[in-house]
file structure_7.cif (mmCIF, C-alpha atoms)
data_my_file
loop_
_atom_site.group_PDB
_atom_site.id
_atom_site.type_symbol
_atom_site.label_atom_id
_atom_site.label_comp_id
_atom_site.auth_asym_id
_atom_site.auth_seq_id
_atom_site.Cartn_x
_atom_site.Cartn_y
_atom_site.Cartn_z
ATOM 1 C CA MET A 1 160.629 25.186 101.974
ATOM 2 C CA MET A 2 158.262 22.638 103.432
ATOM 3 C CA THR A 3 155.764 21.300 100.894
ATOM 4 C CA THR A 4 154.453 18.437 103.006
ATOM 5 C CA LEU A 5 154.027 17.937 106.695
ATOM 6 C CA PRO A 6 154.703 14.353 107.768
ATOM 7 C CA ILE A 7 151.527 12.852 109.164
ATOM 8 C CA LYS A 8 153.621 10.876 111.676
ATOM 9 C CA TYR A 9 154.077 14.110 113.643
ATOM 10 C CA ILE A 10 150.357 14.469 114.212
ATOM 11 C CA VAL A 11 149.789 12.495 117.383
ATOM 12 C CA PRO A 12 147.283 12.847 120.209
ATOM 13 C CA ASP A 13 148.174 15.591 122.721
ATOM 14 C CA ILE A 14 150.632 17.552 120.580
ATOM 15 C CA GLU A 15 150.734 20.304 123.192
ATOM 16 C CA GLY A 16 151.878 17.791 125.844
ATOM 17 C CA LYS A 17 154.534 16.521 123.449
ATOM 18 C CA VAL A 18 155.769 20.091 122.972
ATOM 19 C CA ARG A 19 156.024 20.600 126.743
ATOM 20 C CA ARG A 20 158.120 17.429 127.054
ATOM 21 C CA LEU A 21 160.328 18.400 124.113
ATOM 22 C CA ASP A 22 160.792 21.875 125.608
ATOM 23 C CA LYS A 23 162.371 20.244 128.658
ATOM 24 C CA VAL A 24 164.583 17.984 126.513
ATOM 25 C CA VAL A 25 165.775 20.920 124.417
ATOM 26 C CA ILE A 26 166.614 22.952 127.522
ATOM 27 C CA VAL A 27 168.639 20.073 128.996
ATOM 28 C CA LEU A 28 170.437 19.395 125.725
ATOM 29 C CA PHE A 29 171.090 23.091 125.160
ATOM 30 C CA CYS A 30 172.550 23.496 128.644
ATOM 31 C CA THR A 31 174.851 20.522 128.127
ATOM 32 C CA SER A 32 175.611 21.200 124.462
ATOM 33 C CA PHE A 33 179.218 22.097 125.214
ATOM 34 C CA LEU A 34 179.729 18.329 125.238
ATOM 35 C CA ILE A 35 179.843 16.762 121.775
ATOM 36 C CA ILE A 36 177.142 14.053 122.114
ATOM 37 C CA PRO A 37 174.342 16.328 123.423
ATOM 38 C CA ALA A 38 175.104 18.820 120.646
ATOM 39 C CA PHE A 39 174.386 16.180 117.985
ATOM 40 C CA ALA A 40 171.233 15.108 119.805
ATOM 41 C CA LEU A 41 170.123 18.749 119.979
ATOM 42 C CA ILE A 42 170.411 19.041 116.196
ATOM 43 C CA PHE A 43 168.056 16.110 115.616
ATOM 44 C CA ILE A 44 165.643 17.047 118.407
ATOM 45 C CA ASN A 45 165.347 20.643 117.123
ATOM 46 C CA ILE A 46 163.858 19.446 113.828
ATOM 47 C CA LYS A 47 161.075 17.498 115.543
ATOM 48 C CA TRP A 48 160.647 20.194 118.163
ATOM 49 C CA GLY A 49 160.102 22.839 115.473
ATOM 50 C CA VAL A 50 157.411 20.811 113.710
ATOM 51 C CA TYR A 51 155.608 20.021 116.966
ATOM 52 C CA ARG A 52 155.780 23.657 118.116
ATOM 53 C CA ARG A 53 154.326 24.806 114.803
ATOM 54 C CA LEU A 54 151.501 22.270 115.069
ATOM 55 C CA ALA A 55 150.805 23.222 118.692
ATOM 56 C CA LEU A 56 150.687 26.909 117.801
ATOM 57 C CA PHE A 57 148.236 26.154 114.978
ATOM 58 C CA ILE A 58 146.040 24.098 117.326
ATOM 59 C CA ARG A 59 145.949 26.900 119.902
ATOM 60 C CA THR A 60 145.131 29.431 117.191
ATOM 61 C CA ALA A 61 142.402 27.238 115.699
ATOM 62 C CA LYS A 62 140.776 26.633 119.087
ATOM 63 C CA ASN A 63 140.392 30.394 119.520
ATOM 64 C CA GLN A 64 138.568 30.804 116.207
ATOM 65 C CA ASP A 65 135.366 29.432 114.726
ATOM 66 C CA LYS A 66 136.976 28.917 111.331
ATOM 67 C CA ILE A 67 140.554 28.855 110.115
ATOM 68 C CA VAL A 68 142.292 28.392 106.783
ATOM 69 C CA PRO A 69 145.388 26.244 107.470
ATOM 70 C CA ALA A 70 147.088 27.462 104.278
ATOM 71 C CA TYR A 71 147.486 30.882 105.914
ATOM 72 C CA PHE A 72 149.381 29.178 108.702
ATOM 73 C CA PHE A 73 151.343 26.355 107.044
ATOM 74 C CA GLY A 74 151.674 27.613 103.506
ATOM 75 C CA TYR A 75 150.589 25.519 100.561
ATOM 76 C CA LEU A 76 151.239 21.982 101.752
ATOM 77 C CA THR A 77 150.573 19.356 99.135
ATOM 78 C CA ASN A 78 149.071 17.095 101.800
ATOM 79 C CA MET A 79 146.953 19.748 103.559
ATOM 80 C CA ARG A 80 143.766 17.655 103.426
ATOM 81 C CA GLU A 81 145.502 14.729 105.160
ATOM 82 C CA VAL A 82 147.004 17.053 107.790
ATOM 83 C CA MET A 83 143.605 18.580 108.588
ATOM 84 C CA GLN A 84 141.965 15.152 108.806
ATOM 85 C CA ALA A 85 144.766 13.797 111.006
ATOM 86 C CA LEU A 86 144.403 16.745 113.407
ATOM 87 C CA ILE A 87 140.697 15.943 113.724
ATOM 88 C CA ASP A 88 141.171 12.159 113.960
ATOM 89 C CA THR A 89 143.827 12.359 116.679
ATOM 90 C CA GLY A 90 141.592 14.537 118.841
ATOM 91 C CA ASN A 91 143.781 17.620 118.657
ATOM 92 C CA LEU A 92 140.989 19.510 116.910
ATOM 93 C CA SER A 93 137.990 17.379 117.734
ATOM 94 C CA GLY A 94 134.815 19.314 117.216
ATOM 95 C CA TYR A 95 135.963 20.675 113.851
ATOM 96 C CA HIS A 96 135.144 19.616 110.321
ATOM 97 C CA ILE A 97 136.654 20.357 106.918
ATOM 98 C CA VAL A 98 134.846 22.553 104.406
ATOM 99 C CA ALA A 99 135.802 22.511 100.696
ATOM 100 C CA ASP A 100 139.236 21.032 101.538
ATOM 101 C CA VAL A 101 140.530 24.529 102.389
ATOM 102 C CA MET A 102 139.034 25.477 105.758
ATOM 103 C CA MET A 103 138.523 23.953 109.210
ATOM 104 C CA VAL A 104 135.271 25.006 110.858
ATOM 105 C CA LYS A 105 134.062 24.428 114.394
ATOM 106 C CA ASP A 106 131.029 22.140 114.605
ATOM 107 C CA GLY A 107 127.857 24.194 114.846
ATOM 108 C CA VAL A 108 129.216 27.026 112.700
ATOM 109 C CA GLU A 109 127.524 27.150 109.323
ATOM 110 C CA ILE A 110 129.590 28.112 106.291
ATOM 111 C CA SER A 111 129.036 27.135 102.688
ATOM 112 C CA GLU A 112 131.711 25.784 100.389
ATOM 113 C CA GLN A 113 131.471 28.935 98.275
ATOM 114 C CA GLU A 114 132.095 31.146 101.324
ATOM 115 C CA ALA A 115 135.060 29.004 102.377
ATOM 116 C CA LEU A 116 136.541 29.117 98.885
ATOM 117 C CA ALA A 117 135.970 32.871 98.657
ATOM 118 C CA GLU A 118 137.833 33.416 101.932
ATOM 119 C CA TYR A 119 140.625 31.115 100.771
ATOM 120 C CA GLU A 120 140.883 32.922 97.453
ATOM 121 C CA LEU A 121 141.338 36.295 99.176
ATOM 122 C CA LYS A 122 144.888 35.385 100.106
ATOM 123 C CA TYR A 123 145.589 32.648 97.568
ATOM 124 C CA ASN A 124 148.830 33.354 95.744
ATOM 125 C CA PRO A 125 149.122 31.142 92.655
ATOM 126 C CA TYR A 126 152.817 31.921 92.159
ATOM 127 C CA ILE A 127 153.838 30.814 95.656
ATOM 128 C CA ALA A 128 151.543 27.796 95.521
ATOM 129 C CA ALA A 129 153.078 26.721 92.213
ATOM 130 C CA ARG A 130 156.602 27.173 93.603
ATOM 131 C CA MET A 131 155.688 24.918 96.537
ATOM 132 C CA GLY A 132 154.227 22.304 94.213
ATOM 133 C CA ALA A 133 150.657 22.734 95.386
ATOM 134 C CA ALA A 134 147.847 23.066 92.894
ATOM 135 C CA PRO A 135 144.726 25.033 93.761
ATOM 136 C CA PRO A 136 141.623 23.078 94.596
ATOM 137 C CA PRO A 137 139.616 22.615 91.408
ATOM 138 C CA GLN A 138 136.778 24.751 92.793
ATOM 139 C CA VAL A 139 138.887 27.898 93.285
ATOM 140 C CA PRO A 140 138.270 30.220 90.341
ATOM 141 C CA LEU A 141 141.428 32.128 89.567
ATOM 142 C CA ASN A 142 141.233 35.607 88.129
ATOM 143 C CA LEU A 143 144.586 35.836 86.368
ATOM 144 C CA THR A 144 143.670 38.291 83.623
ATOM 145 C CA ASN A 145 145.945 41.261 83.319
ATOM 146 C CA THR A 146 143.806 44.364 83.671
ATOM 147 C CA ALA A 147 146.733 46.651 82.803
ATOM 148 C CA ALA A 148 146.840 45.114 79.296
ATOM 149 C CA SER A 149 143.387 46.482 78.452
ATOM 150 C CA VAL A 150 145.052 49.727 77.369
ATOM 151 C CA CYS A 151 148.085 49.780 75.101
ATOM 152 C CA PRO A 152 151.037 51.393 76.928
ATOM 153 C CA TYR A 153 152.414 52.745 73.621
ATOM 154 C CA CYS A 154 149.460 54.268 71.766
ATOM 155 C CA GLY A 155 146.876 54.424 74.591
ATOM 156 C CA GLU A 156 144.149 52.671 72.574
ATOM 157 C CA THR A 157 141.708 50.299 74.295
ATOM 158 C CA ILE A 158 142.280 46.612 73.528
ATOM 159 C CA ASN A 159 139.275 44.269 73.755
ATOM 160 C CA ASP A 160 141.349 41.051 73.839
ATOM 161 C CA ALA A 161 141.562 39.465 77.321
ATOM 162 C CA ALA A 162 145.230 38.483 77.003
ATOM 163 C CA PRO A 163 146.738 40.443 74.101
ATOM 164 C CA ARG A 164 150.242 39.788 72.851
ATOM 165 C CA PHE A 165 150.313 42.635 70.352
ATOM 166 C CA CYS A 166 148.384 45.884 70.086
ATOM 167 C CA PRO A 167 145.924 45.664 67.165
ATOM 168 C CA HIS A 168 146.251 49.437 66.607
ATOM 169 C CA CYS A 169 149.997 50.124 66.643
ATOM 170 C CA GLY A 170 151.290 46.544 66.318
ATOM 171 C CA LYS A 171 153.797 46.773 69.199
ATOM 172 C CA LYS A 172 154.337 43.805 71.522
ATOM 173 C CA ILE A 173 152.641 44.183 74.904
#
call {"tool": "encode", "arguments": {"input": "structure_7.cif", "output": "structure tokens"}}
result
Amino acid sequence: MMTTLPIKYIVPDIEGKVRRLDKVVIVLFCTSFLIIPAFALIFINIKWGVYRRLALFIRTAKNQDKIVPAYFFGYLTNMREVMQALIDTGNLSGYHIVADVMMVKDGVEISEQEALAEYELKYNPYIAARMGAAPPPQVPLNLTNTAASVCPYCGETINDAAPRFCPHCGKKI
């Protein structure tokens, strides 16, 4: 599970780098019956996979006015640095970052609240916590359990937001 993306992989012309690595992988794969190219293929495949993922994200982002990288990469702990590096290296020039969760094409107007609302639609706090990523401080999380508003044992309505016990029958919820 990748929780960070090394910034060293974000270089100018990632798509050109992928084309060159495609050729290297094909040559190494074709000669992998020899021992030395097989070891080289193992190490090249790791870099190749990261570059291919970045190139696919860049192509996807260029076809959209706004994109939430977390939908694409997962909850990277260094997402802000990755987005800034993609802009700084010219891979996504003409984009800017909104609310640290969305990349938006220059000229497209979107407020921070709209960006956070779109991010929150698919935000999964459990997965983010498992990957070590905390939500941005602006994202309001609605983690109240709506099923606990009615006791499953006696059926009475409970006014407490997060009840541990039913005030009517006393059973643990």
call {"tool": "atom_distance", "arguments": {"input": "structure_7.cif", "atom1": "atom CA of Thr77 of chain A", "atom2": "atom CA of Thr3 of chain A"}}
result
5.8 Å
call {"tool": "closest_residue", "arguments": {"input": "structure_7.cif", "among": "A:Pro125, A:Pro12, A:Pro152, A:Gly49", "to": "Ile87 of chain A", "atoms": "all atoms listed in the file"}}
result
A:Pro12
call {"tool": "closest_atom_pairs", "arguments": {"input": "structure_7.cif", "of": "segment 16-81 of chain A", "to": "segment 89-109 of chain A", "cutoff": "7 Å", "atoms": "all atoms listed in the file", "output": "CSV"}}
result
residue,atom,partner,partner_atom,distance
A:Ile58,CA,A:Leu92,CA,6.8
A:Asp65,CA,A:Lys105,CA,5.2
A:Lys66,CA,A:Val104,CA,4.3
A:Ile67,CA,A:Met103,CA,5.4
A:Val68,CA,A:Met102,CA,4.5
A:Pro69,CA,A:Met102,CA,6.6
A:Arg80,CA,A:Asp100,CA,6.0
call {"tool": "closest_residue", "arguments": {"input": "structure_7.cif", "among": "A:Ala85, A:Leu41, A:Ile46, A:Ile26", "to": "Lys8 of chain A", "atoms": "all atoms listed in the file"}}
result
A:Ala85
call {"tool": "closest_residue", "arguments": {"input": "structure_7.cif", "among": "A:Phe43, A:Tyr51, A:Phe73, A:Phe165", "to": "Arg20 of chain A", "atoms": "only C-alpha atoms"}}
result
A:Tyr51
call {"tool": "atom_distance", "arguments": {"input": "structure_7.cif", "atom1": "atom CA of Arg164 of chain A", "atom2": "atom CA of Ile127 of chain A"}}
result
24.8 Å
call {"tool": "atom_distance", "arguments": {"input": "structure_7.cif", "atom1": "atom CA of Asn63 of chain A", "atom2": "atom CA of Glu15 of chain A"}}
result
14.9 Å
call {"tool": "residues_around", "arguments": {"input": "structure_7.cif", "residues": "Cys151 of chain A", "least_positions_apart": "5", "cutoff": "9 Å", "atoms": "all atoms listed in the file", "output": "ChimeraX atom specification"}}
result
/A:156-158,165-166,168-169,171,173
call {"tool": "resolve_selection", "arguments": {"input": "structure_7.cif", "expression": "the PyMOL selection byres ((chain A and resi 21-25) around 9)", "output": "list in words"}}
result
Gly16, Lys17, Val18, Arg19, Arg20, Ile26, Val27, Leu28, Phe29, Cys30, Leu41, Ile44, Asn45, Lys47, Trp48 and Tyr51 of chain A
call {"tool": "resolve_selection", "arguments": {"input": "structure_7.cif", "expression": "the PyMOL selection byres ((chain A and resi 122) around 12)", "output": "ChimeraX atom specification"}}
result
/A:68-72,74-75,101,115-121,123-128,139,141
call {"tool": "closest_residue", "arguments": {"input": "structure_7.cif", "among": "A:Cys154, A:Ile7, A:Ile14, A:Ala162", "to": "Phe57 of chain A", "atoms": "all atoms listed in the file"}}
result
A:Ile14
call {"tool": "closest_residue", "arguments": {"input": "structure_7.cif", "among": "A:Ile110, A:Ile42, A:Leu54, A:Leu34", "to": "Val82 of chain A", "atoms": "only C-alpha atoms"}}
result
A:Leu54
